[in-house]
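The structure under discussion appears below in the form of structure tokens.
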There are 2 protein chains.
Amino acid sequence: MTSSPDALRELLGDRVVSDPQVAAGFAVDASPQAEALPGDRFTVVRARSRDDVATTLRYAAQHRVPVVPQGARTATTGAAEALAGGIVLSTAAMTDLLVDPVERIAVVGPGVVNADLKLAAAEHGLAYPPDPASASMCTIGGNVATNAGGLCCVKYGVTADYVRGLEVVLPGGEVLRTGRRTAKGVAGYDLTGLFVGSEGTLGVVTEAVLRLVPLGDPALTVLAVFPTLERTVAGVAALREQRHTPSLVELLDGPSVAAVQAYGDYGYPADAAGVLLVQSDRPGHAAEDVQGYAVALTAAGATEVAVAEDRAEADLLLEGRRVLNPALDRRGDRIIEDVCVPVGRLGELVAAVHRIGQRHGIETTCAGHAGDGNLHPSLFYDRDDPASRAAAERAFDDVVRATWELGGTLTGEHGVGSLKVPWLAEELGPAEVGRQRAVKALFDPLGIMNPGRGIA
Amino acid sequence: MTSSPDALRELLGDRVVSDPQVAAGFAVDASPQAEALPGDRFTVVRARSRDDVATTLRYAAQHRVPVVPQGARTATTGAAEALAGGIVLSTAAMTDLLVDPVERIAVVGPGVVNADLKLAAAEHGLAYPPDPASASMCTIGGNVATNAGGLCCVKYGVTADYVRGLEVVLPGGEVLRTGRRTAKGVAGYDLTGLFVGSEGTLGVVTEAVLRLVPLGDPALTVLAVFPTLERTVAGVAALREQRHTPSLVELLDGPSVAAVQAYGDYGYPADAAGVLLVQSDRPGHAAEDVQGYAVALTAAGATEVAVAEDRAEADLLLEGRRVLNPALDRRGDRIIEDVCVPVGRLGELVAAVHRIGQRHGIETTCAGHAGDGNLHPSLFYDRDDPASRAAAERAFDDVVRATWELGGTLTGEHGVGSLKVPWLAEELGPAEVGRQRAVKALFDPLGIMNPGRGIA
């Protein structure tokens, strides 16, 4: 079935976008493979309230129309792209935000931007740690939908570790509350974890109760340069031995470093085989920690180590990591991986990615959250050369298989989206696929929630 | 249907208990209301492996026999009591335990005792924080089944916060793996959270992958004595303002203190209206923290404050809290509550419990995990006086209702068991009850997993 903007407008008034050119702006997410539908091929609803969401999902169920929930469209997986004839349901305008310092929770609408929540929490000496690279743009609704991680996870964990409860509207318009607002609570099955990371395939989150933690100190940074990848990985292992877990452990391989330096001078030696960026935010001990990390990294084989003495310097050292994505985008078209392996297998993963790139004659970079074993290899191709694109796709497949060999998963934090659906069934196996479909059918019996994404 | 020990013995040999007197030892959990079935009214299987569990659950599905999974039987809710004609499936002998210090995980069988896991982790400088009062006896399988909490949760959270993945055998014998072993992973719906706290009503956990964290310092303790309950609660609020979260915040009301002192001399003033026990385990700063807490508690109105200078003294101060349960058991028969409210409503909860006790003419005590808003009121009655028992039951109902009024839940960490089933439906509401039953049916379509427990 196809959504009717006129019928929806009768129900939702100006929540429905009427200008197809405006609607076109909601067509794609940040997936490099995104192909934009024209704005007249789908209907955009900009919900302002739970009732708007419920009305939309009631209409969608009645008319069997597919619904794509949408936040800030920062996904790189195609999870939030418009579907022809469907509804794009944006919750970006649902920005209610309440910080309760006594309970140390925040009650937030799905449209609250991650960085805005961090700022609001900080006013009370509290922190909301999950820290995707897109924190300044991405919304909590999207963070919950993907179980977003980011730079801080090595110490602080992922979004799921902070979601205490959710309000979700199910297809048909029914409102469901999961989890709890209290610190503990075990009355009934907790469905919260099912919705976290479900990529909009079960329902639409309209409110999240999030746990906050005491704010750490401003982080200090150590930058370590390595002559080989083996030593870079030895550096990661050395950090694992530290009693005081770093709040950030990021790895850039040689080609990533070169891409960053080609983008601007961020002070990295362009010929480094590997760079590690490591932070501590431990109250009263950040300086001591980064000095300790520097010693450990030097012992592991770093040839150059820079320790930030203050916050400004720390930010400066990290700047090269922060511009990595634009730097890689400028380098060329690419497929972005999001593989995660046991941290002890990290070196094998990086080596495998490089080997696979060479085998297929494509350029690769390997960078990411080394402390979690979660890397984002990029596989570059020439958009105008179908053979090059095909080679990158074969390389993608090989990287996923190498990851599985190492005991890992094809997605650590970005989600499956539409891009990785073909591999998901193989990772899960047939019995689990059947079970996952049964779970989906329990909440979305008509199969209208973000069909074709996130589930095999 | 009824289980046949002989038929099970053919499948499982000496895993099946043949002596009814031995079987009788598996009849009840630690619920004060437990009534023991004779050992010939049910069959006990002591599983040693996943295959034993699968064989048992295959038999149970074929013959429609109810199965009660059982760990160390420390539940106080009736969740693990034998059912007539059913199978008690003990996983207490499944004690495989592997600590992986590089990945900072433990892979454990369900029969591993919580304290044994703590010790094994500590050998690697790591900790498994969840810390129920029964830690020296209770098993990880039971901890997962109830989402156990305990004394450390104010800083470290509950069992769910440490379960990365599970292996579960479903009724019929199918083996399911949930979650992940890697630090991150979002491929498919994560069913882990559904099984944590499900009280054996969906399947039997045969392995858990648990996250470990760096070991804190040995905890130091401050004991604060208050002349009124209001000031005791003000003390809890003052601790909430501390930047460095205590690793333990336990409250004992006046009657709890009196019960402890009647049990032995633990150095508490028997006429105190309230006692707080507070700890810090922050590396390098425990002594500084407890001094700071002492200042804050004095400002909040404590009339006596004792700060432990070393670990031995710290353990001594906590000893009174540790003997609370035997002290209360000696005091008389009681119904144990497990209510949890927002921490800001804690004082109202304690006052409500006392008021309700007075109204029904029964004695009450109120103690527990004040830092989480999770208290365990005891409602005392005379076993030989049906009127007194009835009064305690009415008081139980009133306490649950008062908890709901305060935005809380009837169970913070003990679970629903059989004891609290009558209240669960009211807490969840009819729509949620329907959904929870549908979730149950997805995994246990025959309704043989711990029927009558944990679900409305």
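If you're wondering about the labels, chains in the structure tokens are A, B, ... by order shown, residues count from 1 in each chain, ligands from 1 in order shown.
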Show me, as a tab-separated table, the residues of chain B having an atom within 6 Å of chain A, each with the closest atom pair and its distance in Å, using only C-alpha atoms.
residue	atom	partner	partner_atom	distance
B:Thr182	CA	A:Pro342	CA	5.1
B:Ala183	CA	A:Asp372	CA	5.3
B:Lys184	CA	A:Gly412	CA	4.8
B:Gly185	CA	A:Gly412	CA	4.0
B:Val186	CA	A:Gly412	CA	5.6
B:Ala187	CA	A:Thr411	CA	5.9
B:Tyr189	CA	A:Leu194	CA	5.7
B:Asp190	CA	A:Leu194	CA	5.6
B:Gly193	CA	A:Gly193	CA	5.4
B:Leu194	CA	A:Asp190	CA	5.6
B:Ser198	CA	A:Tyr189	CA	5.9
B:Val341	CA	A:Thr182	CA	5.9
B:Pro342	CA	A:Thr182	CA	5.1
B:Asp372	CA	A:Ala183	CA	5.3
B:Thr411	CA	A:Gly185	CA	5.8
B:Gly412	CA	A:Gly185	CA	4.0
B:Glu413	CA	A:Val186	CA	6.0
B:Gly415	CA	A:Val186	CA	5.7
Go ahead and save the picked residues with all heavy atoms, as a compact mmCIF listing (two decimals), in the first residue's frame.
# COMPACT_ATOMS: atom_id res chain seq x y z
N THR B 182 31.98 -10.33 22.43
CA THR B 182 32.77 -9.14 22.17
C THR B 182 32.25 -7.96 23.00
O THR B 182 31.15 -8.01 23.54
CB THR B 182 32.70 -8.79 20.67
OG1 THR B 182 31.34 -8.88 20.24
CG2 THR B 182 33.52 -9.77 19.85
N ALA B 183 33.06 -6.91 23.07
CA ALA B 183 32.67 -5.76 23.90
C ALA B 183 31.43 -5.06 23.35
O ALA B 183 30.65 -4.48 24.10
CB ALA B 183 33.84 -4.78 23.99
N LYS B 184 31.29 -5.07 22.04
CA LYS B 184 30.11 -4.49 21.40
C LYS B 184 29.54 -5.51 20.42
O LYS B 184 30.25 -6.43 20.01
CB LYS B 184 30.48 -3.23 20.62
CG LYS B 184 31.01 -2.07 21.43
CD LYS B 184 31.50 -1.01 20.46
CE LYS B 184 31.97 0.25 21.16
NZ LYS B 184 32.66 1.16 20.20
N GLY B 185 28.33 -5.30 19.97
CA GLY B 185 27.73 -6.20 19.00
C GLY B 185 26.25 -5.94 18.90
O GLY B 185 25.55 -5.98 19.92
N VAL B 186 25.76 -5.63 17.71
CA VAL B 186 24.34 -5.27 17.54
C VAL B 186 23.70 -6.02 16.37
O VAL B 186 22.79 -5.50 15.73
CB VAL B 186 24.16 -3.75 17.38
CG1 VAL B 186 24.41 -3.05 18.69
CG2 VAL B 186 25.05 -3.17 16.28
N ALA B 187 24.20 -7.22 16.09
CA ALA B 187 23.62 -8.01 14.99
C ALA B 187 22.38 -8.74 15.49
O ALA B 187 22.48 -9.72 16.20
CB ALA B 187 24.65 -9.00 14.45
N TYR B 189 18.25 -8.78 17.20
CA TYR B 189 17.70 -8.41 18.51
C TYR B 189 18.50 -9.10 19.61
O TYR B 189 18.82 -10.27 19.50
CB TYR B 189 16.24 -8.85 18.61
CG TYR B 189 15.35 -8.32 17.53
CD1 TYR B 189 14.56 -9.17 16.77
CD2 TYR B 189 15.29 -6.96 17.25
CE1 TYR B 189 13.72 -8.68 15.78
CE2 TYR B 189 14.46 -6.47 16.25
CZ TYR B 189 13.68 -7.33 15.52
OH TYR B 189 12.86 -6.86 14.54
N ASP B 190 18.77 -8.37 20.68
CA ASP B 190 19.48 -8.96 21.82
C ASP B 190 18.45 -9.49 22.82
O ASP B 190 17.78 -8.72 23.50
CB ASP B 190 20.39 -7.92 22.47
CG ASP B 190 21.31 -8.56 23.49
OD1 ASP B 190 21.06 -9.72 23.90
OD2 ASP B 190 22.30 -7.92 23.88
N GLY B 193 18.48 -9.62 27.73
CA GLY B 193 17.76 -8.93 28.80
C GLY B 193 16.43 -9.56 29.13
O GLY B 193 15.91 -9.41 30.24
N LEU B 194 15.88 -10.28 28.15
CA LEU B 194 14.61 -10.97 28.36
C LEU B 194 14.77 -12.13 29.33
O LEU B 194 13.90 -12.41 30.16
CB LEU B 194 14.16 -11.51 27.00
CG LEU B 194 12.71 -11.54 26.66
CD1 LEU B 194 12.08 -10.18 26.84
CD2 LEU B 194 12.55 -12.00 25.20
N SER B 198 14.03 -13.55 34.36
CA SER B 198 12.82 -14.25 33.91
C SER B 198 12.45 -15.42 34.83
O SER B 198 11.49 -16.13 34.57
CB SER B 198 12.99 -14.74 32.47
OG SER B 198 14.02 -15.69 32.38
N VAL B 341 11.68 2.17 45.38
CA VAL B 341 11.09 3.46 45.01
C VAL B 341 12.20 4.39 44.51
O VAL B 341 13.38 4.12 44.75
CB VAL B 341 10.37 4.12 46.22
CG1 VAL B 341 9.19 3.27 46.66
CG2 VAL B 341 11.33 4.37 47.39
N PRO B 342 11.83 5.47 43.84
CA PRO B 342 12.85 6.48 43.54
C PRO B 342 13.57 6.88 44.83
O PRO B 342 12.91 7.01 45.87
CB PRO B 342 12.04 7.64 42.95
CG PRO B 342 10.80 7.00 42.40
CD PRO B 342 10.50 5.85 43.33
N ASP B 372 19.84 2.68 46.50
CA ASP B 372 19.04 2.36 45.31
C ASP B 372 17.55 2.61 45.52
O ASP B 372 16.76 2.37 44.61
CB ASP B 372 19.16 0.87 44.97
CG ASP B 372 20.59 0.41 44.86
OD1 ASP B 372 21.38 1.12 44.22
OD2 ASP B 372 20.92 -0.65 45.42
N THR B 411 8.98 -5.34 43.37
CA THR B 411 10.20 -6.13 43.53
C THR B 411 11.39 -5.47 42.86
O THR B 411 11.39 -5.20 41.66
CB THR B 411 10.04 -7.59 43.04
OG1 THR B 411 11.31 -8.27 43.17
CG2 THR B 411 9.54 -7.69 41.62
N GLY B 412 12.39 -5.18 43.68
CA GLY B 412 13.60 -4.55 43.18
C GLY B 412 14.62 -5.55 42.69
O GLY B 412 15.30 -5.32 41.69
N GLU B 413 14.73 -6.70 43.39
CA GLU B 413 15.82 -7.62 43.07
C GLU B 413 15.53 -9.07 43.44
O GLU B 413 16.26 -9.96 43.01
CB GLU B 413 17.11 -7.18 43.77
CG GLU B 413 16.95 -7.09 45.29
CD GLU B 413 18.24 -6.68 46.02
OE1 GLU B 413 19.16 -6.23 45.35
OE2 GLU B 413 18.28 -6.82 47.25
N GLY B 415 12.65 -10.71 42.77
CA GLY B 415 11.78 -11.33 41.79
C GLY B 415 10.37 -11.55 42.34
O GLY B 415 10.09 -11.27 43.51
Please identify the helix (DSSP H, G or I) residues within region 244-280 of chain B (assignment by DSSP from backbone atoms) and present them as a ChimeraX atom specification. /B:254-263
May I have the residues from that selection written out with C-alpha atoms, as a short mmCIF file (atom, residue, chain, number, x, y, z; two decimals), in the first residue's frame?
data_model
loop_
_atom_site.label_atom_id
_atom_site.label_comp_id
_atom_site.auth_asym_id
_atom_site.auth_seq_id
_atom_site.Cartn_x
_atom_site.Cartn_y
_atom_site.Cartn_z
CA GLY B 254 15.34 1.49 64.70
CA PRO B 255 13.61 -1.90 64.97
CA SER B 256 16.26 -3.45 62.68
CA VAL B 257 19.03 -2.06 64.88
CA ALA B 258 17.30 -3.44 67.95
CA ALA B 259 16.97 -6.87 66.30
CA VAL B 260 20.66 -6.91 65.41
CA GLN B 261 21.70 -5.91 68.93
CA ALA B 262 19.38 -8.57 70.37
CA TYR B 263 21.21 -11.12 68.19
#
Excluding same-chain residues fewer than 4 positions from Asp100 (chain B), what lies within 10 Å of it counting only C-alpha atoms, as a PyMOL selection string? chain B and resi 104-107+121+124+211-212
Please produce a file of the residues just selected, as a JSON list (two decimals), in the first residue's frame, where the atoms kept are N, CA and C atoms.
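Once everything was written out, this is out.json:
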[["chain", "number", "residue", "atom", "x", "y", "z"],
["B", 104, "ARG", "N", 38.48, -9.46, 29.67],
["B", 104, "ARG", "CA", 37.79, -9.06, 30.90],
["B", 104, "ARG", "C", 36.37, -9.63, 30.95],
["B", 105, "ILE", "N", 36.29, -10.91, 30.70],
["B", 105, "ILE", "CA", 35.01, -11.61, 30.83],
["B", 105, "ILE", "C", 35.24, -12.89, 31.62],
["B", 106, "ALA", "N", 34.16, -13.42, 32.16],
["B", 106, "ALA", "CA", 34.16, -14.77, 32.73],
["B", 106, "ALA", "C", 33.10, -15.56, 31.99],
["B", 107, "VAL", "N", 33.43, -16.80, 31.65],
["B", 107, "VAL", "CA", 32.46, -17.70, 31.03],
["B", 107, "VAL", "C", 32.17, -18.77, 32.07],
["B", 121, "ALA", "N", 37.98, -14.02, 39.82],
["B", 121, "ALA", "CA", 38.24, -12.76, 39.12],
["B", 121, "ALA", "C", 39.34, -11.98, 39.83],
["B", 124, "HIS", "N", 42.97, -12.16, 39.04],
["B", 124, "HIS", "CA", 43.44, -11.41, 37.87],
["B", 124, "HIS", "C", 43.29, -9.91, 38.08],
["B", 211, "ARG", "N", 30.72, -9.79, 32.12],
["B", 211, "ARG", "CA", 31.71, -8.73, 32.07],
["B", 211, "ARG", "C", 32.36, -8.57, 33.44],
["B", 212, "LEU", "N", 33.67, -8.39, 33.46],
["B", 212, "LEU", "CA", 34.38, -8.11, 34.72],
["B", 212, "LEU", "C", 34.93, -6.70, 34.67]]
Interatomic distance (Å, one decimal) between CA of Glu81 (chain B) and CA of Phe26 (chain B):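 About the pair CA of Glu81 (chain B) and CA of Phe26 (chain B): they are 7.7 Å apart.
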Who sits within 10 Å of Arg322 (chain B), only C-alpha atoms, same chain under 4 positions skipped, as a list in words: Ala133, Ser134, Val260, Asp315, Leu316, Leu317, Leu318, Pro326 and Ala327 of chain B
Would you put the residues from that selection into a file with N, CA and C atoms, as a PDB file, in the first residue's frame?
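Output (again-v2.pdb):
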ATOM      1  N   ALA B 133      23.103 -10.592  49.269  1.00  0.00           N
ATOM      2  CA  ALA B 133      23.470 -10.937  50.650  1.00  0.00           C
ATOM      3  C   ALA B 133      23.860 -12.409  50.764  1.00  0.00           C
ATOM      4  N   SER B 134      23.342 -13.233  49.858  1.00  0.00           N
ATOM      5  CA  SER B 134      23.626 -14.672  49.897  1.00  0.00           C
ATOM      6  C   SER B 134      24.817 -15.044  49.009  1.00  0.00           C
ATOM      7  N   VAL B 260      19.247  -6.546  65.547  1.00  0.00           N
ATOM      8  CA  VAL B 260      20.663  -6.908  65.410  1.00  0.00           C
ATOM      9  C   VAL B 260      21.326  -6.966  66.789  1.00  0.00           C
ATOM     10  N   ASP B 315      35.179  -4.259  58.129  1.00  0.00           N
ATOM     11  CA  ASP B 315      34.363  -5.470  58.135  1.00  0.00           C
ATOM     12  C   ASP B 315      33.553  -5.579  59.422  1.00  0.00           C
ATOM     13  N   LEU B 316      34.193  -5.187  60.515  1.00  0.00           N
ATOM     14  CA  LEU B 316      33.534  -5.251  61.820  1.00  0.00           C
ATOM     15  C   LEU B 316      32.298  -4.349  61.843  1.00  0.00           C
ATOM     16  N   LEU B 317      32.452  -3.119  61.333  1.00  0.00           N
ATOM     17  CA  LEU B 317      31.322  -2.194  61.324  1.00  0.00           C
ATOM     18  C   LEU B 317      30.175  -2.738  60.484  1.00  0.00           C
ATOM     19  N   LEU B 318      30.521  -3.470  59.429  1.00  0.00           N
ATOM     20  CA  LEU B 318      29.480  -3.973  58.537  1.00  0.00           C
ATOM     21  C   LEU B 318      28.844  -5.252  59.068  1.00  0.00           C
ATOM     22  N   PRO B 326      19.682 -13.348  59.666  1.00  0.00           N
ATOM     23  CA  PRO B 326      19.486 -14.289  60.776  1.00  0.00           C
ATOM     24  C   PRO B 326      18.893 -13.621  62.021  1.00  0.00           C
ATOM     25  N   ALA B 327      19.280 -12.368  62.261  1.00  0.00           N
ATOM     26  CA  ALA B 327      18.727 -11.670  63.433  1.00  0.00           C
ATOM     27  C   ALA B 327      17.220 -11.504  63.306  1.00  0.00           C
TER      28      ALA B 327
END
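We find CA of Ala219 (chain A) and CA of Ile140 (chain A) to be spaced 23.2 Å apart.
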Please identify all polymer residues within 8 Å of Thr55 (chain B), counting only C-alpha atoms, omitting same-chain residues fewer than 2 positions from it, and present them as an MDAnalysis selection string. chainID B and resid 11:12 51:53 57:59 173
Kindly save the residues from that selection, with all heavy atoms included, as a tab-separated table (two decimals), in the first residue's frame.
chain	number	residue	atom	x	y	z
B	11	LEU	N	17.18	-42.15	30.71
B	11	LEU	CA	17.82	-41.13	29.87
B	11	LEU	C	19.05	-40.52	30.53
B	11	LEU	O	20.01	-40.14	29.85
B	11	LEU	CB	16.82	-40.00	29.58
B	11	LEU	CG	15.55	-40.37	28.80
B	11	LEU	CD1	14.53	-39.24	28.87
B	11	LEU	CD2	15.90	-40.69	27.35
B	12	LEU	N	19.00	-40.38	31.85
B	12	LEU	CA	19.98	-39.53	32.54
B	12	LEU	C	20.78	-40.25	33.62
B	12	LEU	O	21.63	-39.63	34.28
B	12	LEU	CB	19.25	-38.33	33.15
B	12	LEU	CG	18.78	-37.29	32.13
B	12	LEU	CD1	17.63	-36.47	32.69
B	12	LEU	CD2	19.94	-36.38	31.73
B	51	ASP	N	23.98	-30.94	27.88
B	51	ASP	CA	23.24	-32.07	27.32
B	51	ASP	C	22.24	-32.64	28.33
B	51	ASP	O	21.13	-33.02	27.96
B	51	ASP	CB	24.21	-33.17	26.87
B	51	ASP	CG	24.89	-32.80	25.56
B	51	ASP	OD1	24.49	-31.77	24.96
B	51	ASP	OD2	25.83	-33.51	25.16
B	52	ASP	N	22.66	-32.71	29.59
B	52	ASP	CA	21.72	-33.19	30.62
B	52	ASP	C	20.49	-32.28	30.68
B	52	ASP	O	19.35	-32.75	30.79
B	52	ASP	CB	22.39	-33.18	32.01
B	52	ASP	CG	23.46	-34.25	32.15
B	52	ASP	OD1	23.54	-35.14	31.27
B	52	ASP	OD2	24.21	-34.19	33.14
B	53	VAL	N	20.74	-30.98	30.60
B	53	VAL	CA	19.62	-30.03	30.65
B	53	VAL	C	18.72	-30.22	29.44
B	53	VAL	O	17.49	-30.27	29.54
B	53	VAL	CB	20.14	-28.57	30.72
B	53	VAL	CG1	18.99	-27.57	30.60
B	53	VAL	CG2	20.90	-28.35	32.02
B	57	LEU	N	14.80	-31.26	29.33
B	57	LEU	CA	13.76	-30.38	28.79
B	57	LEU	C	13.07	-31.00	27.57
B	57	LEU	O	11.93	-30.66	27.25
B	57	LEU	CB	14.36	-29.00	28.46
B	57	LEU	CG	14.81	-28.19	29.67
B	57	LEU	CD1	15.16	-26.76	29.27
B	57	LEU	CD2	13.75	-28.17	30.76
B	58	ARG	N	13.78	-31.91	26.90
B	58	ARG	CA	13.13	-32.64	25.81
B	58	ARG	C	12.08	-33.59	26.39
B	58	ARG	O	10.93	-33.62	25.93
B	58	ARG	CB	14.19	-33.41	25.01
B	58	ARG	CG	13.80	-33.67	23.56
B	58	ARG	CD	14.95	-34.30	22.77
B	58	ARG	NE	16.16	-33.48	22.80
B	58	ARG	CZ	17.35	-33.86	23.26
B	58	ARG	NH1	17.51	-35.10	23.75
B	58	ARG	NH2	18.37	-33.05	23.24
B	59	TYR	N	12.48	-34.31	27.42
B	59	TYR	CA	11.54	-35.22	28.10
B	59	TYR	C	10.33	-34.42	28.63
B	59	TYR	O	9.18	-34.82	28.46
B	59	TYR	CB	12.25	-35.93	29.25
B	59	TYR	CG	11.32	-36.73	30.14
B	59	TYR	CD1	11.06	-38.08	29.88
B	59	TYR	CD2	10.69	-36.14	31.23
B	59	TYR	CE1	10.19	-38.82	30.67
B	59	TYR	CE2	9.81	-36.86	32.03
B	59	TYR	CZ	9.57	-38.21	31.75
B	59	TYR	OH	8.71	-38.91	32.55
B	173	GLY	N	14.39	-28.74	24.36
B	173	GLY	CA	15.79	-29.11	24.28
B	173	GLY	C	16.64	-28.27	23.33
B	173	GLY	O	17.84	-28.46	23.23
